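These notes are about the structure you will find just below.
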Amino acid sequence: MSQLHVINHPLVQHKLSIMRDKNTGSKDFRELLREISLLMGYEVTRDLPLEDVEIETPICRTLAKRLSGPKLAIVPILRAGLGMVDGILNLVPVARVGHIGLYRDEETHQPVEYYCKLPDDIENRFVIVTDPMLATGGSASDAITMLKKRGCKNIRLMCLVGVPEGIDTVRRNHPDVDVYVAAVDDHLNENAYIVPGLGDAGDRIFGTK
């Protein structure tokens, strides 16, 4: 069964509290999201495999550690997931970036696919799917299904805020995919928004509302 990882580092929680504030503007919201994504990225990549390599320091030759195994890919769910990409790229600048476009039907609250562009070798990569909000879990679950259809086997989901409904949906549909969040909020309201949440992440990132 997949694992739920709640990253409760004090810096993450402090920055998240500022993001929740309705008076925080788009510029600060974007910067905080990038910073939190970088901090969360340390945990998401904590168990990446390492190998021994021989190097020469200014003093002597020695064995050191370097990453081995599959290369990394970041796949944001458009559009809000884009706000989490730069933080991870600061950690792993050579990572490839794909994009999956899904929007939520306002009446059914179900995800609708409109775009998908992925690296050619995505099936051989360690994939981090990003989306700030894990509400119903429909978009994240569908995005992971799309990746699996393209041969991906090593996938993790990284979100800022989730609720039990969405977390359970992803873990039930994809028991092999670990879920990383900074907070588990209380519930969804009648419009399928997270409570207390932080509003529409896409609108707050891009200043469109």
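Chain lettering (A, B, ...) mirrors the order of the structure tokens, residue numbering begins at 1 for each chain separately, and ligand numbering begins at 1 in order of display.
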
Could you pull out all residues of chain A with a DSSP call of strand (DSSP E or B) and give them as a CSV table (one decimal) with all heavy atoms, in the first residue's frame?
chain,number,residue,atom,x,y,z
A,4,LEU,N,1.5,7.7,3.0
A,4,LEU,CA,1.2,9.1,3.0
A,4,LEU,C,2.3,9.8,3.9
A,4,LEU,O,2.5,9.4,5.0
A,4,LEU,CB,-0.1,9.4,3.7
A,4,LEU,CG,-0.4,10.8,4.0
A,4,LEU,CD1,-0.5,11.7,2.7
A,4,LEU,CD2,-1.7,11.0,4.8
A,5,HIS,N,3.0,10.8,3.3
A,5,HIS,CA,4.1,11.5,4.0
A,5,HIS,C,3.6,12.9,4.3
A,5,HIS,O,3.4,13.7,3.3
A,5,HIS,CB,5.4,11.5,3.2
A,5,HIS,CG,5.8,10.1,2.8
A,5,HIS,ND1,6.8,9.4,3.5
A,5,HIS,CD2,5.5,9.3,1.8
A,5,HIS,CE1,7.0,8.2,2.9
A,5,HIS,NE2,6.2,8.1,1.9
A,6,VAL,N,3.5,13.3,5.5
A,6,VAL,CA,3.1,14.7,5.9
A,6,VAL,C,4.4,15.4,6.3
A,6,VAL,O,5.0,15.0,7.3
A,6,VAL,CB,2.1,14.7,7.0
A,6,VAL,CG1,1.7,16.2,7.3
A,6,VAL,CG2,0.8,14.0,6.5
A,50,LEU,N,22.1,5.7,-4.5
A,50,LEU,CA,23.4,6.2,-4.7
A,50,LEU,C,24.4,5.1,-5.1
A,50,LEU,O,24.1,3.9,-4.9
A,50,LEU,CB,23.9,6.8,-3.4
A,50,LEU,CG,23.1,8.0,-2.8
A,50,LEU,CD1,23.6,8.4,-1.4
A,50,LEU,CD2,23.3,9.2,-3.7
A,51,GLU,N,25.5,5.5,-5.7
A,51,GLU,CA,26.6,4.6,-6.0
A,51,GLU,C,27.9,5.2,-5.6
A,51,GLU,O,28.0,6.4,-5.5
A,51,GLU,CB,26.6,4.3,-7.5
A,51,GLU,CG,26.8,5.5,-8.4
A,51,GLU,CD,26.8,5.1,-9.9
A,51,GLU,OE1,26.5,4.0,-10.2
A,51,GLU,OE2,26.9,6.0,-10.7
A,52,ASP,N,28.9,4.3,-5.4
A,52,ASP,CA,30.2,4.8,-5.0
A,52,ASP,C,31.0,5.2,-6.3
A,52,ASP,O,30.9,4.4,-7.3
A,52,ASP,CB,31.0,3.7,-4.3
A,52,ASP,CG,30.4,3.5,-2.9
A,52,ASP,OD1,30.0,4.4,-2.3
A,52,ASP,OD2,30.5,2.3,-2.4
A,53,VAL,N,31.7,6.3,-6.3
A,53,VAL,CA,32.5,6.7,-7.4
A,53,VAL,C,33.9,7.2,-6.8
A,53,VAL,O,33.9,7.7,-5.7
A,53,VAL,CB,31.9,7.8,-8.2
A,53,VAL,CG1,30.7,7.4,-8.9
A,53,VAL,CG2,31.6,9.1,-7.3
A,54,GLU,N,34.9,6.9,-7.5
A,54,GLU,CA,36.2,7.3,-7.1
A,54,GLU,C,36.5,8.7,-7.6
A,54,GLU,O,36.4,8.9,-8.8
A,54,GLU,CB,37.3,6.3,-7.5
A,54,GLU,CG,38.7,6.6,-6.9
A,54,GLU,CD,39.7,5.5,-7.2
A,54,GLU,OE1,39.2,4.4,-7.5
A,54,GLU,OE2,40.9,5.8,-7.1
A,55,ILE,N,36.9,9.7,-6.8
A,55,ILE,CA,37.2,11.0,-7.2
A,55,ILE,C,38.6,11.4,-6.5
A,55,ILE,O,39.1,10.7,-5.7
A,55,ILE,CB,36.1,12.0,-6.8
A,55,ILE,CG1,36.0,12.1,-5.2
A,55,ILE,CG2,34.8,11.7,-7.4
A,55,ILE,CD1,35.2,13.2,-4.8
A,56,GLU,N,39.1,12.5,-7.0
A,56,GLU,CA,40.3,13.0,-6.4
A,56,GLU,C,40.0,14.4,-5.8
A,56,GLU,O,39.7,15.3,-6.6
A,56,GLU,CB,41.4,13.1,-7.5
A,56,GLU,CG,42.8,13.5,-6.9
A,56,GLU,CD,43.9,13.2,-7.8
A,56,GLU,OE1,43.7,12.6,-8.9
A,56,GLU,OE2,45.1,13.5,-7.5
A,61,ARG,N,42.9,10.8,-3.3
A,61,ARG,CA,41.8,10.0,-3.9
A,61,ARG,C,40.9,9.4,-2.9
A,61,ARG,O,41.4,9.0,-1.8
A,61,ARG,CB,42.3,8.9,-4.9
A,61,ARG,CG,43.2,9.5,-6.0
A,61,ARG,CD,43.4,8.4,-7.1
A,61,ARG,NE,42.2,8.0,-7.8
A,61,ARG,CZ,41.6,8.7,-8.8
A,61,ARG,NH1,42.2,9.9,-9.2
A,61,ARG,NH2,40.5,8.3,-9.3
A,62,THR,N,39.6,9.4,-3.2
A,62,THR,CA,38.7,8.8,-2.2
A,62,THR,C,37.4,8.3,-2.9
A,62,THR,O,37.1,8.7,-4.0
A,62,THR,CB,38.3,9.9,-1.1
A,62,THR,OG1,37.5,9.3,-0.1
A,62,THR,CG2,37.5,11.0,-1.8
A,63,LEU,N,36.6,7.5,-2.1
A,63,LEU,CA,35.3,7.1,-2.6
A,63,LEU,C,34.2,8.1,-2.2
A,63,LEU,O,34.2,8.5,-1.0
A,63,LEU,CB,34.9,5.7,-2.1
A,63,LEU,CG,35.6,4.5,-2.8
A,63,LEU,CD1,35.2,3.2,-2.1
A,63,LEU,CD2,35.3,4.5,-4.3
A,64,ALA,N,33.4,8.5,-3.1
A,64,ALA,CA,32.3,9.4,-2.7
A,64,ALA,C,31.0,8.9,-3.3
A,64,ALA,O,31.0,7.9,-4.0
A,64,ALA,CB,32.6,10.8,-3.3
A,65,LYS,N,29.9,9.6,-3.0
A,65,LYS,CA,28.6,9.1,-3.4
A,65,LYS,C,28.0,10.0,-4.5
A,65,LYS,O,28.1,11.2,-4.5
A,65,LYS,CB,27.6,9.2,-2.2
A,65,LYS,CG,28.0,8.3,-1.0
A,65,LYS,CD,27.9,6.8,-1.3
A,65,LYS,CE,28.1,6.0,-0.1
A,65,LYS,NZ,28.0,4.6,-0.3
A,66,ARG,N,27.4,9.4,-5.5
A,66,ARG,CA,26.7,10.1,-6.5
A,66,ARG,C,25.4,9.4,-6.8
A,66,ARG,O,25.2,8.2,-6.6
A,66,ARG,CB,27.5,10.2,-7.8
A,66,ARG,CG,28.6,11.2,-7.7
A,66,ARG,CD,29.3,11.4,-9.1
A,66,ARG,NE,30.4,12.3,-9.0
A,66,ARG,CZ,31.4,12.4,-9.9
A,66,ARG,NH1,31.3,11.7,-11.0
A,66,ARG,NH2,32.4,13.3,-9.7
A,67,LEU,N,24.4,10.1,-7.3
A,67,LEU,CA,23.1,9.5,-7.7
A,67,LEU,C,23.3,8.5,-8.8
A,67,LEU,O,24.1,8.6,-9.7
A,67,LEU,CB,22.1,10.6,-8.2
A,67,LEU,CG,21.6,11.6,-7.2
A,67,LEU,CD1,20.8,12.7,-7.9
A,67,LEU,CD2,20.8,10.9,-6.1
A,72,LEU,N,15.5,11.8,-13.2
A,72,LEU,CA,14.3,12.4,-12.7
A,72,LEU,C,13.5,13.1,-13.7
A,72,LEU,O,14.0,13.8,-14.7
A,72,LEU,CB,14.7,13.4,-11.6
A,72,LEU,CG,13.5,14.0,-10.7
A,72,LEU,CD1,12.9,12.9,-9.9
A,72,LEU,CD2,14.1,15.1,-9.8
A,73,ALA,N,12.1,13.1,-13.6
A,73,ALA,CA,11.2,13.9,-14.4
A,73,ALA,C,10.2,14.5,-13.5
A,73,ALA,O,9.8,13.9,-12.5
A,73,ALA,CB,10.5,13.1,-15.5
A,74,ILE,N,9.9,15.8,-13.7
A,74,ILE,CA,8.8,16.5,-13.0
A,74,ILE,C,7.7,16.7,-13.9
A,74,ILE,O,7.8,17.2,-15.1
A,74,ILE,CB,9.4,17.9,-12.5
A,74,ILE,CG1,10.7,17.7,-11.8
A,74,ILE,CG2,8.3,18.5,-11.6
A,74,ILE,CD1,11.5,19.0,-11.7
A,75,VAL,N,6.5,16.3,-13.5
A,75,VAL,CA,5.3,16.4,-14.4
A,75,VAL,C,4.2,17.2,-13.6
A,75,VAL,O,3.5,16.7,-12.8
A,75,VAL,CB,4.8,15.1,-14.8
A,75,VAL,CG1,3.5,15.2,-15.7
A,75,VAL,CG2,5.8,14.3,-15.5
A,76,PRO,N,4.1,18.5,-13.8
A,76,PRO,CA,3.1,19.3,-13.2
A,76,PRO,C,1.8,19.1,-13.9
A,76,PRO,O,1.7,18.9,-15.1
A,76,PRO,CB,3.6,20.8,-13.4
A,76,PRO,CG,4.4,20.7,-14.6
A,76,PRO,CD,5.1,19.4,-14.6
A,77,ILE,N,0.7,19.1,-13.0
A,77,ILE,CA,-0.7,19.1,-13.6
A,77,ILE,C,-1.0,20.6,-13.8
A,77,ILE,O,-1.1,21.4,-12.9
A,77,ILE,CB,-1.6,18.4,-12.6
A,77,ILE,CG1,-1.3,17.0,-12.4
A,77,ILE,CG2,-3.1,18.5,-13.2
A,77,ILE,CD1,-2.1,16.2,-11.4
A,78,LEU,N,-1.3,20.9,-15.1
A,78,LEU,CA,-1.6,22.3,-15.4
A,78,LEU,C,-2.9,22.8,-14.8
A,78,LEU,O,-3.8,22.0,-14.7
A,78,LEU,CB,-1.6,22.5,-16.9
A,78,LEU,CG,-0.3,22.1,-17.7
A,78,LEU,CD1,-0.5,22.3,-19.2
A,78,LEU,CD2,0.9,22.9,-17.2
A,96,ARG,N,14.1,16.5,-16.4
A,96,ARG,CA,13.2,16.8,-17.5
A,96,ARG,C,11.9,17.2,-16.9
A,96,ARG,O,11.5,16.8,-15.9
A,96,ARG,CB,13.1,15.6,-18.4
A,96,ARG,CG,14.4,15.2,-19.1
A,96,ARG,CD,14.8,16.2,-20.2
A,96,ARG,NE,16.1,15.8,-20.8
A,96,ARG,CZ,16.2,14.9,-21.9
A,96,ARG,NH1,15.0,14.4,-22.4
A,96,ARG,NH2,17.3,14.6,-22.4
A,97,VAL,N,11.1,18.0,-17.7
A,97,VAL,CA,9.8,18.5,-17.3
A,97,VAL,C,8.8,18.1,-18.4
A,97,VAL,O,9.0,18.5,-19.5
A,97,VAL,CB,9.8,20.0,-17.0
A,97,VAL,CG1,8.4,20.5,-16.6
A,97,VAL,CG2,10.8,20.4,-16.0
A,99,HIS,N,4.3,17.9,-19.1
A,99,HIS,CA,3.1,18.7,-18.7
A,99,HIS,C,1.9,17.8,-19.0
A,99,HIS,O,1.8,17.2,-20.0
A,99,HIS,CB,3.0,20.0,-19.5
A,99,HIS,CG,4.2,20.9,-19.2
A,99,HIS,ND1,5.4,20.8,-20.0
A,99,HIS,CD2,4.4,21.9,-18.3
A,99,HIS,CE1,6.2,21.7,-19.5
A,99,HIS,NE2,5.6,22.4,-18.6
A,100,ILE,N,1.0,17.8,-18.0
A,100,ILE,CA,-0.3,17.2,-18.2
A,100,ILE,C,-1.4,18.3,-17.9
A,100,ILE,O,-1.4,18.9,-16.8
A,100,ILE,CB,-0.5,16.0,-17.3
A,100,ILE,CG1,0.4,14.8,-17.7
A,100,ILE,CG2,-2.0,15.5,-17.3
A,100,ILE,CD1,0.3,13.6,-16.8
A,101,GLY,N,-2.3,18.5,-18.9
A,101,GLY,CA,-3.3,19.5,-18.7
A,101,GLY,C,-4.7,18.8,-18.4
A,101,GLY,O,-5.2,18.0,-19.2
A,102,LEU,N,-5.2,19.1,-17.2
A,102,LEU,CA,-6.5,18.6,-16.8
A,102,LEU,C,-7.2,19.8,-16.2
A,102,LEU,O,-6.6,20.6,-15.5
A,102,LEU,CB,-6.4,17.5,-15.7
A,102,LEU,CG,-5.7,16.2,-16.2
A,102,LEU,CD1,-5.3,15.4,-14.9
A,102,LEU,CD2,-6.6,15.4,-17.1
A,103,TYR,N,-8.5,19.9,-16.4
A,103,TYR,CA,-9.3,20.9,-15.7
A,103,TYR,C,-10.5,20.2,-15.1
A,103,TYR,O,-10.9,19.1,-15.5
A,103,TYR,CB,-9.7,22.1,-16.6
A,103,TYR,CG,-10.8,21.7,-17.7
A,103,TYR,CD1,-12.1,21.7,-17.5
A,103,TYR,CD2,-10.3,21.3,-19.0
A,103,TYR,CE1,-13.1,21.4,-18.4
A,103,TYR,CE2,-11.3,21.0,-20.0
A,103,TYR,CZ,-12.6,21.0,-19.7
A,103,TYR,OH,-13.5,20.7,-20.6
A,104,ARG,N,-11.1,20.8,-14.1
A,104,ARG,CA,-12.2,20.3,-13.4
A,104,ARG,C,-13.5,20.8,-13.9
A,104,ARG,O,-13.7,22.0,-14.0
A,104,ARG,CB,-12.1,20.6,-11.9
A,104,ARG,CG,-13.2,19.9,-11.1
A,104,ARG,CD,-13.0,20.2,-9.6
A,104,ARG,NE,-13.1,21.6,-9.3
A,104,ARG,CZ,-13.0,22.1,-8.0
A,104,ARG,NH1,-12.7,21.3,-7.0
A,104,ARG,NH2,-13.0,23.4,-7.8
A,111,PRO,N,-12.3,15.5,-13.6
A,111,PRO,CA,-11.2,16.1,-14.5
A,111,PRO,C,-11.4,15.7,-15.9
A,111,PRO,O,-11.9,14.7,-16.3
A,111,PRO,CB,-9.9,15.3,-13.9
A,111,PRO,CG,-10.5,14.1,-13.3
A,111,PRO,CD,-11.8,14.4,-12.8
A,112,VAL,N,-11.0,16.7,-16.8
A,112,VAL,CA,-11.1,16.6,-18.2
A,112,VAL,C,-9.7,16.8,-18.8
A,112,VAL,O,-9.1,17.9,-18.5
A,112,VAL,CB,-12.1,17.6,-18.8
A,112,VAL,CG1,-12.2,17.4,-20.3
A,112,VAL,CG2,-13.5,17.3,-18.2
A,113,GLU,N,-9.2,15.9,-19.6
A,113,GLU,CA,-7.8,16.1,-20.2
A,113,GLU,C,-7.9,17.0,-21.4
A,113,GLU,O,-8.7,16.8,-22.2
A,113,GLU,CB,-7.3,14.7,-20.6
A,113,GLU,CG,-5.9,14.8,-21.3
A,113,GLU,CD,-5.5,13.4,-21.9
A,113,GLU,OE1,-6.1,12.4,-21.4
A,113,GLU,OE2,-4.6,13.4,-22.7
A,114,TYR,N,-6.9,17.9,-21.5
A,114,TYR,CA,-6.8,18.7,-22.7
A,114,TYR,C,-5.4,18.8,-23.2
A,114,TYR,O,-5.2,19.4,-24.3
A,114,TYR,CB,-7.4,20.1,-22.4
A,114,TYR,CG,-6.6,21.0,-21.4
A,114,TYR,CD1,-5.5,21.8,-21.8
A,114,TYR,CD2,-6.9,20.9,-20.1
A,114,TYR,CE1,-4.8,22.5,-20.9
A,114,TYR,CE2,-6.2,21.7,-19.2
A,114,TYR,CZ,-5.1,22.5,-19.6
A,114,TYR,OH,-4.4,23.2,-18.7
A,115,TYR,N,-4.4,18.3,-22.5
A,115,TYR,CA,-3.0,18.4,-23.0
A,115,TYR,C,-2.1,17.4,-22.3
A,115,TYR,O,-2.3,17.1,-21.1
A,115,TYR,CB,-2.4,19.8,-22.7
A,115,TYR,CG,-1.1,20.1,-23.3
A,115,TYR,CD1,-0.9,20.4,-24.6
A,115,TYR,CD2,0.1,20.1,-22.5
A,115,TYR,CE1,0.3,20.6,-25.2
A,115,TYR,CE2,1.3,20.3,-23.0
A,115,TYR,CZ,1.4,20.6,-24.3
A,115,TYR,OH,2.7,20.8,-24.9
A,116,CYS,N,-1.2,16.9,-23.1
A,116,CYS,CA,-0.2,15.9,-22.5
A,116,CYS,C,1.1,16.0,-23.3
A,116,CYS,O,1.0,15.6,-24.5
A,116,CYS,CB,-0.7,14.5,-22.4
A,116,CYS,SG,0.4,13.4,-21.6
A,117,LYS,N,2.2,16.4,-22.8
A,117,LYS,CA,3.5,16.4,-23.4
A,117,LYS,C,4.5,16.0,-22.4
A,117,LYS,O,4.8,16.6,-21.4
A,117,LYS,CB,3.8,17.8,-23.9
A,117,LYS,CG,5.1,18.0,-24.7
A,117,LYS,CD,5.0,17.3,-26.0
A,117,LYS,CE,6.3,17.5,-26.9
A,117,LYS,NZ,6.3,16.8,-28.2
A,126,PHE,N,12.3,8.4,-12.9
A,126,PHE,CA,11.7,8.6,-11.6
A,126,PHE,C,10.8,9.9,-11.7
A,126,PHE,O,11.3,11.0,-11.9
A,126,PHE,CB,12.7,8.7,-10.5
A,126,PHE,CG,12.2,9.0,-9.1
A,126,PHE,CD1,12.1,8.0,-8.2
A,126,PHE,CD2,12.0,10.3,-8.7
A,126,PHE,CE1,11.6,8.3,-6.9
A,126,PHE,CE2,11.5,10.6,-7.4
A,126,PHE,CZ,11.4,9.6,-6.5
A,127,VAL,N,9.5,9.7,-11.6
A,127,VAL,CA,8.6,10.8,-11.9
A,127,VAL,C,7.9,11.4,-10.6
A,127,VAL,O,7.4,10.7,-9.8
A,127,VAL,CB,7.4,10.3,-12.8
A,127,VAL,CG1,6.5,11.5,-13.2
A,127,VAL,CG2,8.0,9.7,-14.1
A,128,ILE,N,8.0,12.7,-10.5
A,128,ILE,CA,7.3,13.5,-9.5
A,128,ILE,C,6.2,14.3,-10.1
A,128,ILE,O,6.5,15.2,-10.9
A,128,ILE,CB,8.3,14.4,-8.7
A,128,ILE,CG1,9.4,13.6,-8.1
A,128,ILE,CG2,7.5,15.2,-7.6
A,128,ILE,CD1,10.5,14.5,-7.4
A,129,VAL,N,5.0,13.9,-9.8
A,129,VAL,CA,3.8,14.6,-10.2
A,129,VAL,C,3.5,15.7,-9.2
A,129,VAL,O,3.5,15.5,-8.0
A,129,VAL,CB,2.6,13.7,-10.4
A,129,VAL,CG1,1.3,14.5,-10.8
A,129,VAL,CG2,2.9,12.6,-11.4
A,130,THR,N,3.3,17.0,-9.7
A,130,THR,CA,3.1,18.1,-8.8
A,130,THR,C,1.7,18.7,-9.0
A,130,THR,O,1.3,18.9,-10.2
A,130,THR,CB,4.2,19.2,-8.9
A,130,THR,OG1,4.1,19.7,-10.2
A,130,THR,CG2,5.5,18.6,-8.7
A,133,MET,N,-2.9,21.4,-4.8
A,133,MET,CA,-4.2,21.0,-4.1
A,133,MET,C,-4.6,19.6,-4.5
A,133,MET,O,-4.7,19.3,-5.6
A,133,MET,CB,-5.3,22.0,-4.4
A,133,MET,CG,-4.9,23.5,-4.4
A,133,MET,SD,-4.3,24.0,-2.8
A,133,MET,CE,-5.8,24.0,-1.8
A,134,LEU,N,-4.7,18.8,-3.4
A,134,LEU,CA,-5.3,17.4,-3.6
A,134,LEU,C,-6.7,17.4,-3.0
A,134,LEU,O,-6.8,17.1,-1.8
A,134,LEU,CB,-4.3,16.4,-3.0
A,134,LEU,CG,-4.7,14.9,-3.1
A,134,LEU,CD1,-4.9,14.6,-4.6
A,134,LEU,CD2,-3.6,14.1,-2.5
A,155,ILE,N,6.6,6.4,-9.6
A,155,ILE,CA,5.9,7.7,-9.6
A,155,ILE,C,5.6,8.1,-8.1
A,155,ILE,O,5.2,7.3,-7.3
A,155,ILE,CB,4.5,7.6,-10.3
A,155,ILE,CG1,4.7,7.1,-11.8
A,155,ILE,CG2,3.8,8.9,-10.3
A,155,ILE,CD1,3.4,6.7,-12.5
A,156,ARG,N,5.7,9.4,-7.9
A,156,ARG,CA,5.4,10.0,-6.6
A,156,ARG,C,4.5,11.2,-6.8
A,156,ARG,O,4.8,12.0,-7.7
A,156,ARG,CB,6.6,10.3,-5.7
A,156,ARG,CG,7.3,9.0,-5.3
A,156,ARG,CD,8.5,9.2,-4.5
A,156,ARG,NE,9.2,7.9,-4.2
A,156,ARG,CZ,10.2,7.7,-3.5
A,156,ARG,NH1,10.8,8.7,-2.9
A,156,ARG,NH2,10.7,6.5,-3.3
A,157,LEU,N,3.6,11.5,-5.9
A,157,LEU,CA,2.7,12.6,-6.0
A,157,LEU,C,3.1,13.6,-4.9
A,157,LEU,O,3.1,13.3,-3.7
A,157,LEU,CB,1.3,12.2,-5.9
A,157,LEU,CG,0.2,13.3,-5.8
A,157,LEU,CD1,0.2,14.1,-7.1
A,157,LEU,CD2,-1.2,12.8,-5.5
A,158,MET,N,3.4,14.9,-5.3
A,158,MET,CA,3.7,15.9,-4.3
A,158,MET,C,2.7,17.0,-4.4
A,158,MET,O,2.6,17.7,-5.4
A,158,MET,CB,5.1,16.4,-4.7
A,158,MET,CG,5.7,17.5,-3.7
A,158,MET,SD,7.4,17.8,-4.1
A,158,MET,CE,7.3,19.6,-4.3
A,161,VAL,N,-1.4,20.9,-0.1
A,161,VAL,CA,-2.5,20.6,0.8
A,161,VAL,C,-3.4,19.6,0.3
A,161,VAL,O,-3.7,19.6,-0.9
A,161,VAL,CB,-3.3,21.9,1.1
A,161,VAL,CG1,-4.4,21.7,2.0
A,161,VAL,CG2,-2.4,23.0,1.6
A,162,GLY,N,-3.8,18.6,1.1
A,162,GLY,CA,-4.7,17.6,0.7
A,162,GLY,C,-5.8,17.4,1.8
A,162,GLY,O,-5.7,18.0,2.9
A,178,ASP,N,3.4,6.7,-3.6
A,178,ASP,CA,3.4,7.5,-2.4
A,178,ASP,C,2.9,8.9,-2.6
A,178,ASP,O,3.2,9.5,-3.6
A,178,ASP,CB,4.8,7.5,-1.8
A,178,ASP,CG,5.2,6.1,-1.1
A,178,ASP,OD1,4.3,5.2,-1.2
A,178,ASP,OD2,6.3,6.0,-0.5
A,179,VAL,N,2.3,9.4,-1.5
A,179,VAL,CA,1.7,10.8,-1.6
A,179,VAL,C,2.4,11.6,-0.5
A,179,VAL,O,2.5,11.3,0.6
A,179,VAL,CB,0.2,10.8,-1.3
A,179,VAL,CG1,-0.4,12.2,-1.3
A,179,VAL,CG2,-0.5,9.9,-2.3
A,180,TYR,N,2.9,12.8,-1.0
A,180,TYR,CA,3.6,13.8,-0.1
A,180,TYR,C,2.8,15.1,0.0
A,180,TYR,O,2.5,15.6,-1.0
A,180,TYR,CB,5.0,14.1,-0.6
A,180,TYR,CG,5.9,12.9,-0.6
A,180,TYR,CD1,5.9,11.9,-1.5
A,180,TYR,CD2,6.9,12.8,0.4
A,180,TYR,CE1,6.7,10.8,-1.5
A,180,TYR,CE2,7.8,11.7,0.4
A,180,TYR,CZ,7.7,10.7,-0.5
A,180,TYR,OH,8.5,9.6,-0.5
A,181,VAL,N,2.5,15.5,1.2
A,181,VAL,CA,1.8,16.8,1.4
A,181,VAL,C,2.4,17.5,2.6
A,181,VAL,O,3.1,16.9,3.4
A,181,VAL,CB,0.3,16.5,1.7
A,181,VAL,CG1,-0.4,15.9,0.5
A,181,VAL,CG2,0.1,15.7,3.0
A,183,ALA,N,0.3,19.4,4.5
A,183,ALA,CA,-0.8,19.5,5.4
A,183,ALA,C,-2.0,18.7,4.9
A,183,ALA,O,-2.3,18.6,3.7
A,183,ALA,CB,-1.3,20.9,5.7
A,184,VAL,N,-2.7,18.0,5.9
A,184,VAL,CA,-3.9,17.4,5.6
A,184,VAL,C,-5.0,18.2,6.2
A,184,VAL,O,-5.2,18.3,7.5
A,184,VAL,CB,-4.0,15.9,6.2
A,184,VAL,CG1,-5.3,15.3,5.9
A,184,VAL,CG2,-2.8,15.1,5.6
A,187,HIS,N,-11.8,19.0,5.2
A,187,HIS,CA,-12.8,18.4,4.3
A,187,HIS,C,-12.9,19.2,3.1
A,187,HIS,O,-12.3,20.3,2.9
A,187,HIS,CB,-14.1,18.3,5.0
A,187,HIS,CG,-14.8,19.6,5.4
A,187,HIS,ND1,-14.4,20.4,6.4
A,187,HIS,CD2,-15.8,20.3,4.7
A,187,HIS,CE1,-15.1,21.5,6.5
A,187,HIS,NE2,-15.9,21.5,5.4
A,188,LEU,N,-13.8,18.8,2.2
A,188,LEU,CA,-14.2,19.5,1.0
A,188,LEU,C,-15.6,20.2,1.2
A,188,LEU,O,-16.4,19.5,1.8
A,188,LEU,CB,-14.3,18.6,-0.3
A,188,LEU,CG,-13.0,18.0,-0.7
A,188,LEU,CD1,-13.3,17.0,-1.9
A,188,LEU,CD2,-11.9,19.0,-1.1
A,194,ILE,N,-11.1,22.8,-0.9
A,194,ILE,CA,-10.5,22.3,0.4
A,194,ILE,C,-10.8,23.4,1.5
A,194,ILE,O,-10.6,24.6,1.3
A,194,ILE,CB,-9.0,22.1,0.2
A,194,ILE,CG1,-8.7,21.0,-0.7
A,194,ILE,CG2,-8.3,21.8,1.6
A,194,ILE,CD1,-7.2,20.7,-1.0
A,195,VAL,N,-11.2,22.9,2.7
A,195,VAL,CA,-11.4,23.7,3.9
A,195,VAL,C,-10.5,23.3,5.0
A,195,VAL,O,-10.4,22.1,5.3
A,195,VAL,CB,-12.9,23.5,4.3
A,195,VAL,CG1,-13.2,24.3,5.6
A,195,VAL,CG2,-13.9,23.9,3.2

- Query: Which neighbours of Arg34 (chain A) fall inside 12 Å, counting only C-alpha atoms, when residues of the same chain fewer than 4 positions from it are skipped, and could you give them as a list in words?
  - Reply: Val12, Lys15, Leu16, Met19, Lys27, Asp28, Phe29, Arg30, Leu38, Leu39, Met40, Gly41, Ala80, Gly81, Leu82, Gly83, Met84, Val85, Asp86, Gly87, Ile88, Leu89, Asn90, Leu91, Thr130, Pro132, Leu160 and Ile205 of chain A

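For the pair CA of Gly138 (chain A) and CA of Cys159 (chain A), the separation is 13.5 Å.
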
- For CA of Ala135 (chain A) and CA of Arg20 (chain A), the interatomic separation in Å (one decimal):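 Pair CA of Ala135 (chain A) / CA of Arg20 (chain A) returns 15.5 Å.
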
- Item | Between CA of His174 (chain A) and CA of Ile144 (chain A), distance in Å (one decimal) | 7.9 Å

- Among chain A, which ones does DSSP place in helix (DSSP H, G or I), written as a PyMOL selection string? chain A and resi 10-20+26-44+80-91+122-124+138-149+164-173+201-206

- A:Glu123, A:Asp142, A:Ile7, A:Asp105 ranked by distance to Tyr42 (chain A), top pick (using only C-alpha atoms): A:Ile7

- Query: Out of A:Thr169, A:Thr136, A:Thr208, A:Thr145, which residue has the shortest atom-to-atom distance to Asn191 (chain A) when counting only C-alpha atoms?
  - Reply: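 Closest to Asn191 (chain A), using only C-alpha atoms: A:Thr136.
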
- Neighbours of Arg171 (chain A) within 9 Å (only C-alpha atoms; same-chain residues fewer than 5 positions away dropped), as a list in words?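 Counting only the stated atoms, we get Met1, Ser2, Gln3, Leu4, Ser141, Gly166, Asp176, Val177, Asp178 and Val179 of chain A.
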
- Task: Go through A:Arg172, A:His14, A:Lys71, A:Arg125 and flag the residue nearest Arg150 (chain A), using only C-alpha atoms for the distances.
- Result: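 Closest to Arg150 (chain A) of all the choices is A:Arg125.
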
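Ranking A:Gly202, A:Pro70, A:Pro164, A:Gly207 by their shortest atom-to-atom distance to Asn124 (chain A), with only C-alpha atoms included, puts A:Pro70 first.
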